[in-house]
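This is work.txt (compact mmCIF, N, CA and C atoms).
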# COMPACT_ATOMS: atom_id res chain seq x y z
N MET A 304 20.81 -3.69 -28.19
CA MET A 304 19.51 -3.54 -28.81
C MET A 304 19.32 -4.61 -29.89
N GLU A 305 18.16 -5.20 -29.89
CA GLU A 305 17.87 -6.25 -30.85
C GLU A 305 17.64 -5.66 -32.23
N GLN A 306 18.34 -6.19 -33.23
CA GLN A 306 18.20 -5.73 -34.60
C GLN A 306 17.26 -6.65 -35.35
N LYS A 307 16.34 -6.06 -36.14
CA LYS A 307 15.39 -6.85 -36.91
C LYS A 307 15.36 -6.35 -38.35
N LEU A 308 15.21 -7.31 -39.26
CA LEU A 308 15.22 -7.02 -40.67
C LEU A 308 14.07 -7.78 -41.34
N LEU A 309 13.34 -7.12 -42.21
CA LEU A 309 12.22 -7.75 -42.90
C LEU A 309 12.46 -7.74 -44.40
N ILE A 310 12.26 -8.90 -45.03
CA ILE A 310 12.37 -9.05 -46.47
C ILE A 310 10.97 -9.33 -47.01
N VAL A 311 10.54 -8.48 -47.96
CA VAL A 311 9.18 -8.62 -48.51
C VAL A 311 9.24 -8.72 -50.03
N ASP A 312 8.80 -9.86 -50.55
CA ASP A 312 8.72 -10.05 -51.99
C ASP A 312 7.76 -11.19 -52.26
N ASP A 313 6.94 -11.05 -53.30
CA ASP A 313 5.99 -12.11 -53.61
C ASP A 313 6.65 -13.28 -54.35
N GLU A 314 7.89 -13.11 -54.79
CA GLU A 314 8.60 -14.19 -55.46
C GLU A 314 9.56 -14.86 -54.48
N ALA A 315 9.33 -16.15 -54.24
CA ALA A 315 10.11 -16.90 -53.25
C ALA A 315 11.60 -16.87 -53.57
N HIS A 316 11.98 -16.97 -54.84
CA HIS A 316 13.41 -17.00 -55.18
C HIS A 316 14.10 -15.67 -54.88
N ILE A 317 13.38 -14.57 -54.98
CA ILE A 317 13.96 -13.27 -54.62
C ILE A 317 14.15 -13.18 -53.11
N ARG A 318 13.14 -13.63 -52.35
CA ARG A 318 13.27 -13.65 -50.88
C ARG A 318 14.48 -14.49 -50.48
N MET A 319 14.61 -15.65 -51.12
CA MET A 319 15.72 -16.55 -50.79
C MET A 319 17.07 -15.91 -51.14
N LEU A 320 17.14 -15.25 -52.29
CA LEU A 320 18.37 -14.58 -52.71
C LEU A 320 18.76 -13.50 -51.71
N LEU A 321 17.78 -12.72 -51.26
CA LEU A 321 18.05 -11.67 -50.27
C LEU A 321 18.49 -12.29 -48.94
N GLU A 322 17.81 -13.36 -48.52
CA GLU A 322 18.19 -14.01 -47.26
C GLU A 322 19.62 -14.55 -47.33
N GLN A 323 19.98 -15.15 -48.47
CA GLN A 323 21.34 -15.67 -48.63
C GLN A 323 22.36 -14.54 -48.63
N THR A 324 22.01 -13.43 -49.27
CA THR A 324 22.90 -12.26 -49.33
C THR A 324 23.16 -11.71 -47.93
N LEU A 325 22.14 -11.74 -47.10
CA LEU A 325 22.21 -11.11 -45.79
C LEU A 325 22.46 -12.07 -44.63
N GLU A 326 22.61 -13.37 -44.93
CA GLU A 326 22.68 -14.38 -43.86
C GLU A 326 23.81 -14.16 -42.85
N ASP A 327 24.90 -13.54 -43.27
CA ASP A 327 26.01 -13.29 -42.34
C ASP A 327 25.58 -12.36 -41.20
N LEU A 328 24.54 -11.57 -41.42
CA LEU A 328 24.07 -10.66 -40.38
C LEU A 328 23.47 -11.41 -39.19
N GLU A 329 23.02 -12.64 -39.45
CA GLU A 329 22.47 -13.45 -38.34
C GLU A 329 23.55 -13.70 -37.30
N ASP A 330 24.81 -13.84 -37.74
CA ASP A 330 25.93 -14.03 -36.82
C ASP A 330 26.14 -12.79 -35.94
N GLU A 331 25.65 -11.65 -36.43
CA GLU A 331 25.76 -10.39 -35.68
C GLU A 331 24.54 -10.19 -34.77
N GLY A 332 23.64 -11.19 -34.76
CA GLY A 332 22.47 -11.12 -33.89
C GLY A 332 21.22 -10.51 -34.52
N VAL A 333 21.25 -10.33 -35.85
CA VAL A 333 20.08 -9.75 -36.52
C VAL A 333 19.02 -10.83 -36.72
N GLU A 334 17.79 -10.50 -36.34
CA GLU A 334 16.67 -11.43 -36.50
C GLU A 334 15.97 -11.13 -37.83
N PHE A 335 15.71 -12.19 -38.60
CA PHE A 335 15.11 -12.05 -39.92
C PHE A 335 13.62 -12.38 -39.91
N PHE A 336 12.86 -11.63 -40.69
CA PHE A 336 11.45 -11.91 -40.93
C PHE A 336 11.24 -11.82 -42.43
N SER A 337 10.23 -12.54 -42.93
CA SER A 337 9.92 -12.39 -44.35
C SER A 337 8.41 -12.42 -44.56
N ALA A 338 7.99 -11.77 -45.63
CA ALA A 338 6.58 -11.70 -45.99
C ALA A 338 6.47 -11.81 -47.50
N GLN A 339 5.33 -12.36 -47.96
CA GLN A 339 5.17 -12.53 -49.40
C GLN A 339 4.15 -11.58 -50.02
N ASN A 340 3.56 -10.70 -49.21
CA ASN A 340 2.67 -9.68 -49.77
C ASN A 340 2.64 -8.47 -48.83
N GLY A 341 2.03 -7.40 -49.31
CA GLY A 341 2.02 -6.16 -48.56
C GLY A 341 1.26 -6.22 -47.24
N GLU A 342 0.16 -6.96 -47.23
CA GLU A 342 -0.62 -7.07 -45.98
C GLU A 342 0.20 -7.74 -44.89
N GLU A 343 0.86 -8.85 -45.25
CA GLU A 343 1.74 -9.55 -44.29
C GLU A 343 2.84 -8.62 -43.80
N ALA A 344 3.41 -7.89 -44.73
CA ALA A 344 4.51 -6.98 -44.39
C ALA A 344 4.05 -5.95 -43.36
N LEU A 345 2.89 -5.37 -43.58
CA LEU A 345 2.38 -4.35 -42.67
C LEU A 345 2.15 -4.93 -41.27
N GLU A 346 1.61 -6.14 -41.22
CA GLU A 346 1.38 -6.80 -39.93
C GLU A 346 2.70 -7.03 -39.18
N ILE A 347 3.72 -7.52 -39.91
CA ILE A 347 5.02 -7.79 -39.28
C ILE A 347 5.68 -6.49 -38.83
N ILE A 348 5.59 -5.46 -39.65
CA ILE A 348 6.19 -4.17 -39.29
C ILE A 348 5.56 -3.64 -38.00
N GLN A 349 4.24 -3.73 -37.90
CA GLN A 349 3.56 -3.24 -36.70
C GLN A 349 3.88 -4.10 -35.47
N ALA A 350 4.00 -5.42 -35.66
CA ALA A 350 4.24 -6.32 -34.53
C ALA A 350 5.70 -6.33 -34.09
N GLU A 351 6.63 -6.28 -35.05
CA GLU A 351 8.05 -6.48 -34.73
C GLU A 351 8.90 -5.21 -34.78
N ASN A 352 8.40 -4.16 -35.45
CA ASN A 352 9.12 -2.90 -35.58
C ASN A 352 10.58 -3.09 -36.04
N PRO A 353 10.77 -3.66 -37.23
CA PRO A 353 12.14 -3.87 -37.72
C PRO A 353 12.84 -2.55 -38.03
N GLN A 354 14.17 -2.53 -37.91
CA GLN A 354 14.91 -1.32 -38.24
C GLN A 354 15.04 -1.15 -39.75
N LEU A 355 15.02 -2.28 -40.48
CA LEU A 355 15.28 -2.26 -41.92
C LEU A 355 14.29 -3.16 -42.65
N VAL A 356 13.74 -2.65 -43.77
CA VAL A 356 12.81 -3.42 -44.59
C VAL A 356 13.24 -3.33 -46.05
N PHE A 357 13.46 -4.50 -46.66
CA PHE A 357 13.67 -4.57 -48.11
C PHE A 357 12.30 -4.92 -48.69
N LEU A 358 11.72 -4.00 -49.44
CA LEU A 358 10.32 -4.08 -49.82
C LEU A 358 10.13 -4.03 -51.33
N ASP A 359 9.60 -5.11 -51.89
CA ASP A 359 9.29 -5.17 -53.31
C ASP A 359 8.13 -4.22 -53.58
N VAL A 360 8.11 -3.62 -54.77
CA VAL A 360 7.03 -2.68 -55.09
C VAL A 360 5.80 -3.40 -55.63
N MET A 361 5.99 -4.26 -56.62
CA MET A 361 4.83 -4.90 -57.27
C MET A 361 4.50 -6.23 -56.60
N MET A 362 3.43 -6.21 -55.77
CA MET A 362 3.00 -7.41 -55.04
C MET A 362 1.48 -7.47 -54.98
N PRO A 363 0.96 -8.68 -54.71
CA PRO A 363 -0.49 -8.80 -54.54
C PRO A 363 -0.95 -8.27 -53.17
N LYS A 364 -2.23 -8.06 -53.06
CA LYS A 364 -2.92 -7.61 -51.83
C LYS A 364 -2.64 -6.16 -51.48
N MET A 365 -1.38 -5.76 -51.44
CA MET A 365 -1.02 -4.36 -51.19
C MET A 365 0.38 -4.16 -51.74
N ASN A 366 0.56 -3.18 -52.63
CA ASN A 366 1.89 -3.02 -53.21
C ASN A 366 2.85 -2.31 -52.25
N GLY A 367 4.12 -2.36 -52.59
CA GLY A 367 5.15 -1.81 -51.71
C GLY A 367 5.03 -0.31 -51.48
N MET A 368 4.58 0.41 -52.50
CA MET A 368 4.40 1.87 -52.35
C MET A 368 3.35 2.15 -51.26
N GLU A 369 2.26 1.39 -51.29
CA GLU A 369 1.19 1.59 -50.30
C GLU A 369 1.66 1.20 -48.89
N VAL A 370 2.41 0.09 -48.80
CA VAL A 370 2.96 -0.32 -47.50
C VAL A 370 3.85 0.80 -46.96
N CYS A 371 4.73 1.29 -47.81
CA CYS A 371 5.66 2.35 -47.40
C CYS A 371 4.90 3.59 -46.95
N ARG A 372 3.90 4.00 -47.73
CA ARG A 372 3.12 5.18 -47.40
C ARG A 372 2.45 5.03 -46.03
N ARG A 373 1.86 3.85 -45.79
CA ARG A 373 1.19 3.62 -44.50
C ARG A 373 2.17 3.65 -43.33
N VAL A 374 3.32 2.99 -43.52
CA VAL A 374 4.32 2.93 -42.45
C VAL A 374 4.85 4.33 -42.12
N LYS A 375 5.18 5.09 -43.15
CA LYS A 375 5.81 6.40 -42.94
C LYS A 375 4.81 7.52 -42.65
N LYS A 376 3.69 7.54 -43.35
CA LYS A 376 2.77 8.68 -43.26
C LYS A 376 1.64 8.46 -42.25
N GLU A 377 1.10 7.24 -42.18
CA GLU A 377 -0.01 6.98 -41.26
C GLU A 377 0.47 6.52 -39.88
N LEU A 378 1.35 5.52 -39.89
CA LEU A 378 1.83 4.98 -38.61
C LEU A 378 2.96 5.81 -38.03
N LYS A 379 3.55 6.67 -38.86
CA LYS A 379 4.64 7.56 -38.45
C LYS A 379 5.83 6.80 -37.86
N LEU A 380 6.15 5.66 -38.47
CA LEU A 380 7.30 4.86 -38.02
C LEU A 380 8.55 5.31 -38.78
N ASP A 381 9.03 6.49 -38.43
CA ASP A 381 10.16 7.09 -39.13
C ASP A 381 11.47 6.33 -38.95
N LYS A 382 11.56 5.57 -37.87
CA LYS A 382 12.81 4.85 -37.60
C LYS A 382 12.95 3.57 -38.43
N VAL A 383 11.90 3.18 -39.12
CA VAL A 383 11.96 2.01 -40.01
C VAL A 383 12.56 2.48 -41.34
N PHE A 384 13.74 1.95 -41.67
CA PHE A 384 14.42 2.31 -42.91
C PHE A 384 13.88 1.41 -44.01
N ILE A 385 13.25 2.00 -45.02
CA ILE A 385 12.63 1.20 -46.08
C ILE A 385 13.39 1.35 -47.40
N VAL A 386 13.82 0.20 -47.93
CA VAL A 386 14.45 0.14 -49.23
C VAL A 386 13.44 -0.47 -50.20
N LEU A 387 12.96 0.33 -51.15
CA LEU A 387 12.06 -0.20 -52.17
C LEU A 387 12.88 -0.89 -53.25
N LEU A 388 12.50 -2.12 -53.57
CA LEU A 388 13.17 -2.89 -54.61
C LEU A 388 12.19 -3.08 -55.76
N THR A 389 12.61 -2.72 -56.96
CA THR A 389 11.68 -2.84 -58.08
C THR A 389 12.39 -3.02 -59.41
N ALA A 390 11.67 -3.60 -60.34
CA ALA A 390 12.17 -3.74 -61.70
C ALA A 390 11.99 -2.42 -62.46
N LYS A 391 11.17 -1.54 -61.91
CA LYS A 391 10.92 -0.25 -62.56
C LYS A 391 11.97 0.77 -62.14
N GLY A 392 12.80 1.17 -63.08
CA GLY A 392 13.87 2.11 -62.74
C GLY A 392 13.66 3.51 -63.29
N GLN A 393 12.45 3.81 -63.76
CA GLN A 393 12.17 5.13 -64.33
C GLN A 393 12.21 6.21 -63.25
N GLU A 394 12.57 7.41 -63.67
CA GLU A 394 12.66 8.53 -62.73
C GLU A 394 11.32 8.81 -62.04
N LEU A 395 10.21 8.66 -62.79
CA LEU A 395 8.89 8.89 -62.22
C LEU A 395 8.62 7.91 -61.07
N ASP A 396 9.06 6.65 -61.24
CA ASP A 396 8.89 5.65 -60.19
C ASP A 396 9.72 6.01 -58.96
N ARG A 397 10.93 6.50 -59.18
CA ARG A 397 11.78 6.93 -58.06
C ARG A 397 11.11 8.07 -57.29
N GLN A 398 10.53 9.01 -58.03
CA GLN A 398 9.85 10.14 -57.39
C GLN A 398 8.67 9.66 -56.56
N LYS A 399 7.91 8.70 -57.10
CA LYS A 399 6.78 8.14 -56.34
C LYS A 399 7.29 7.50 -55.05
N GLY A 400 8.41 6.78 -55.15
CA GLY A 400 9.01 6.16 -53.97
C GLY A 400 9.38 7.18 -52.91
N GLN A 401 9.95 8.30 -53.36
CA GLN A 401 10.31 9.36 -52.41
C GLN A 401 9.06 9.98 -51.78
N GLU A 402 8.03 10.16 -52.61
CA GLU A 402 6.79 10.77 -52.11
C GLU A 402 6.14 9.95 -51.00
N VAL A 403 6.23 8.61 -51.11
CA VAL A 403 5.60 7.77 -50.08
C VAL A 403 6.51 7.56 -48.87
N GLY A 404 7.73 8.09 -48.94
CA GLY A 404 8.61 8.06 -47.77
C GLY A 404 9.73 7.04 -47.79
N ALA A 405 9.98 6.41 -48.94
CA ALA A 405 11.06 5.42 -49.02
C ALA A 405 12.40 6.08 -48.71
N ASP A 406 13.24 5.38 -47.97
CA ASP A 406 14.56 5.91 -47.65
C ASP A 406 15.55 5.66 -48.78
N LEU A 407 15.30 4.60 -49.56
CA LEU A 407 16.18 4.26 -50.67
C LEU A 407 15.37 3.50 -51.71
N TYR A 408 15.74 3.69 -52.98
CA TYR A 408 15.03 3.05 -54.08
C TYR A 408 16.08 2.31 -54.90
N MET A 409 15.98 0.98 -54.99
CA MET A 409 16.96 0.19 -55.74
C MET A 409 16.25 -0.62 -56.82
N THR A 410 16.89 -0.72 -57.96
CA THR A 410 16.28 -1.48 -59.04
C THR A 410 16.83 -2.90 -59.08
N LYS A 411 15.96 -3.81 -59.54
CA LYS A 411 16.37 -5.20 -59.76
C LYS A 411 16.86 -5.31 -61.20
N PRO A 412 17.82 -6.16 -61.50
CA PRO A 412 18.53 -6.98 -60.52
C PRO A 412 19.47 -6.11 -59.68
N PHE A 413 19.56 -6.45 -58.40
CA PHE A 413 20.38 -5.66 -57.49
C PHE A 413 21.74 -6.32 -57.28
N ASP A 414 22.68 -5.53 -56.84
CA ASP A 414 24.02 -6.00 -56.53
C ASP A 414 24.02 -6.51 -55.09
N PRO A 415 24.21 -7.82 -54.87
CA PRO A 415 24.17 -8.37 -53.51
C PRO A 415 25.11 -7.66 -52.54
N GLU A 416 26.29 -7.27 -53.00
CA GLU A 416 27.24 -6.60 -52.11
C GLU A 416 26.71 -5.23 -51.67
N MET A 417 26.02 -4.55 -52.58
CA MET A 417 25.43 -3.26 -52.25
C MET A 417 24.33 -3.43 -51.20
N ILE A 418 23.54 -4.49 -51.35
CA ILE A 418 22.46 -4.79 -50.39
C ILE A 418 23.06 -5.04 -49.01
N LEU A 419 24.09 -5.89 -48.95
CA LEU A 419 24.72 -6.22 -47.68
C LEU A 419 25.35 -4.98 -47.03
N ASN A 420 26.05 -4.19 -47.82
CA ASN A 420 26.68 -2.98 -47.28
C ASN A 420 25.66 -1.99 -46.74
N LYS A 421 24.54 -1.84 -47.46
CA LYS A 421 23.48 -0.92 -47.01
C LYS A 421 22.87 -1.44 -45.70
N ALA A 422 22.64 -2.75 -45.63
CA ALA A 422 22.08 -3.34 -44.41
C ALA A 422 23.00 -3.11 -43.22
N LYS A 423 24.29 -3.34 -43.41
CA LYS A 423 25.27 -3.11 -42.33
C LYS A 423 25.28 -1.66 -41.90
N GLU A 424 25.23 -0.77 -42.86
CA GLU A 424 25.23 0.67 -42.56
C GLU A 424 24.00 1.06 -41.75
N VAL A 425 22.82 0.65 -42.22
CA VAL A 425 21.57 1.01 -41.55
C VAL A 425 21.50 0.42 -40.14
N LEU A 426 21.97 -0.82 -40.00
CA LEU A 426 21.89 -1.50 -38.71
C LEU A 426 23.07 -1.15 -37.79
N GLY A 427 24.01 -0.39 -38.31
CA GLY A 427 25.16 0.03 -37.50
C GLY A 427 26.12 -1.11 -37.18
N LEU A 428 26.32 -2.02 -38.15
CA LEU A 428 27.21 -3.17 -37.93
C LEU A 428 28.55 -2.98 -38.62
What would you get if you wrote out this structure as structure tokens?
Amino acid sequence: MEQKLLIVDDEAHIRMLLEQTLEDLEDEGVEFFSAQNGEEALEIIQAENPQLVFLDVMMPKMNGMEVCRRVKKELKLDKVFIVLLTAKGQELDRQKGQEVGADLYMTKPFDPEMILNKAKEVLGL
């Protein structure tokens, strides 16, 4: 089965950091996609149906919470594992993430090893 992973962040250096953290997964056959805003992310999720999405919360056009809500609640894509990444680590923000259907909520700055391990776990590698 083809594995797909989507990285969504409006900051290019964060996307690059995540891609570098996860690049070894390409050797395992994982196909990478990236988006710089919520609208792009939603289009890619609908077109490619990735198994795993690392999704920034604060972005232009559509924030990560709204993308997550649409994917999980409207499109009913329960098999898409969504990790919300945000600088906001307050408990209220975590609760909002859970309410919109996020599978995991991680705060920035994130631990690259934790990101890689979670990706391997979700993708079954």
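Checking A:Pro415, A:Phe384, A:Asn352, A:Gln398 one by one against Leu320 in chain A, counting all atoms listed in the file, you find the shortest gap at A:Pro415.
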DSSP on the backbone, strand (DSSP E or B) only: what residues of range 331-423 of chain A does that give? Format it as number ranges by chain. A: 333-338, 355-359, 384-389, 407-410
Between A:Tyr408, A:Phe357, A:Phe413, A:Phe335, which is the closest to Glu305 in chain A once you count only C-alpha atoms? A:Phe335
Of the residues A:Met368, A:Val374, A:Leu355, A:Val403, which is the one nearest to Lys307 in chain A, using only C-alpha atoms?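 Ranking A:Met368, A:Val374, A:Leu355, A:Val403 by distance to Lys307 in chain A, first place goes to A:Leu355.
Distance-wise, CA of Glu416 in chain A and CA of Arg373 in chain A end up 29.0 Å apart.
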At what distance in Å, to one decimal, does CA of Leu308 in chain A lie from atom N of Leu358 in chain A?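 One can read the atom N of Leu358 in chain A to CA of Leu308 in chain A distance as 9.9 Å.
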Which neighbours of range 378-380 of chain A fall inside 12 Å, counting only C-alpha atoms, when residues of the same chain fewer than 5 positions from it are skipped, and could you give them as JSON, numbers by chain? {"A": [345, 346, 348, 349, 351, 352, 353, 354, 355, 356, 370, 371, 372, 373, 385, 403, 404, 405]}
Keeping only N, CA and C atoms, take the residues you just selected and write them out as a compact mmCIF listing (two decimals), in the coordinates of the input.
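Generated output (again.txt):
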# COMPACT_ATOMS: atom_id res chain seq x y z
N LEU A 345 2.89 -5.37 -43.58
CA LEU A 345 2.38 -4.35 -42.67
C LEU A 345 2.15 -4.93 -41.27
N GLU A 346 1.61 -6.14 -41.22
CA GLU A 346 1.38 -6.80 -39.93
C GLU A 346 2.70 -7.03 -39.18
N ILE A 348 5.59 -5.46 -39.65
CA ILE A 348 6.19 -4.17 -39.29
C ILE A 348 5.56 -3.64 -38.00
N GLN A 349 4.24 -3.73 -37.90
CA GLN A 349 3.56 -3.24 -36.70
C GLN A 349 3.88 -4.10 -35.47
N GLU A 351 6.63 -6.28 -35.05
CA GLU A 351 8.05 -6.48 -34.73
C GLU A 351 8.90 -5.21 -34.78
N ASN A 352 8.40 -4.16 -35.45
CA ASN A 352 9.12 -2.90 -35.58
C ASN A 352 10.58 -3.09 -36.04
N PRO A 353 10.77 -3.66 -37.23
CA PRO A 353 12.14 -3.87 -37.72
C PRO A 353 12.84 -2.55 -38.03
N GLN A 354 14.17 -2.53 -37.91
CA GLN A 354 14.91 -1.32 -38.24
C GLN A 354 15.04 -1.15 -39.75
N LEU A 355 15.02 -2.28 -40.48
CA LEU A 355 15.28 -2.26 -41.92
C LEU A 355 14.29 -3.16 -42.65
N VAL A 356 13.74 -2.65 -43.77
CA VAL A 356 12.81 -3.42 -44.59
C VAL A 356 13.24 -3.33 -46.05
N VAL A 370 2.41 0.09 -48.80
CA VAL A 370 2.96 -0.32 -47.50
C VAL A 370 3.85 0.80 -46.96
N CYS A 371 4.73 1.29 -47.81
CA CYS A 371 5.66 2.35 -47.40
C CYS A 371 4.90 3.59 -46.95
N ARG A 372 3.90 4.00 -47.73
CA ARG A 372 3.12 5.18 -47.40
C ARG A 372 2.45 5.03 -46.03
N ARG A 373 1.86 3.85 -45.79
CA ARG A 373 1.19 3.62 -44.50
C ARG A 373 2.17 3.65 -43.33
N ILE A 385 13.25 2.00 -45.02
CA ILE A 385 12.63 1.20 -46.08
C ILE A 385 13.39 1.35 -47.40
N VAL A 403 6.23 8.61 -51.11
CA VAL A 403 5.60 7.77 -50.08
C VAL A 403 6.51 7.56 -48.87
N GLY A 404 7.73 8.09 -48.94
CA GLY A 404 8.61 8.06 -47.77
C GLY A 404 9.73 7.04 -47.79
N ALA A 405 9.98 6.41 -48.94
CA ALA A 405 11.06 5.42 -49.02
C ALA A 405 12.40 6.08 -48.71
Residue with smallest distance to Glu314 in chain A - pool A:Ala338, A:Leu395, A:Ala350, A:Ala344, counting only N, CA and C atoms: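 Selected residue with least distance to Glu314 in chain A: A:Ala338.
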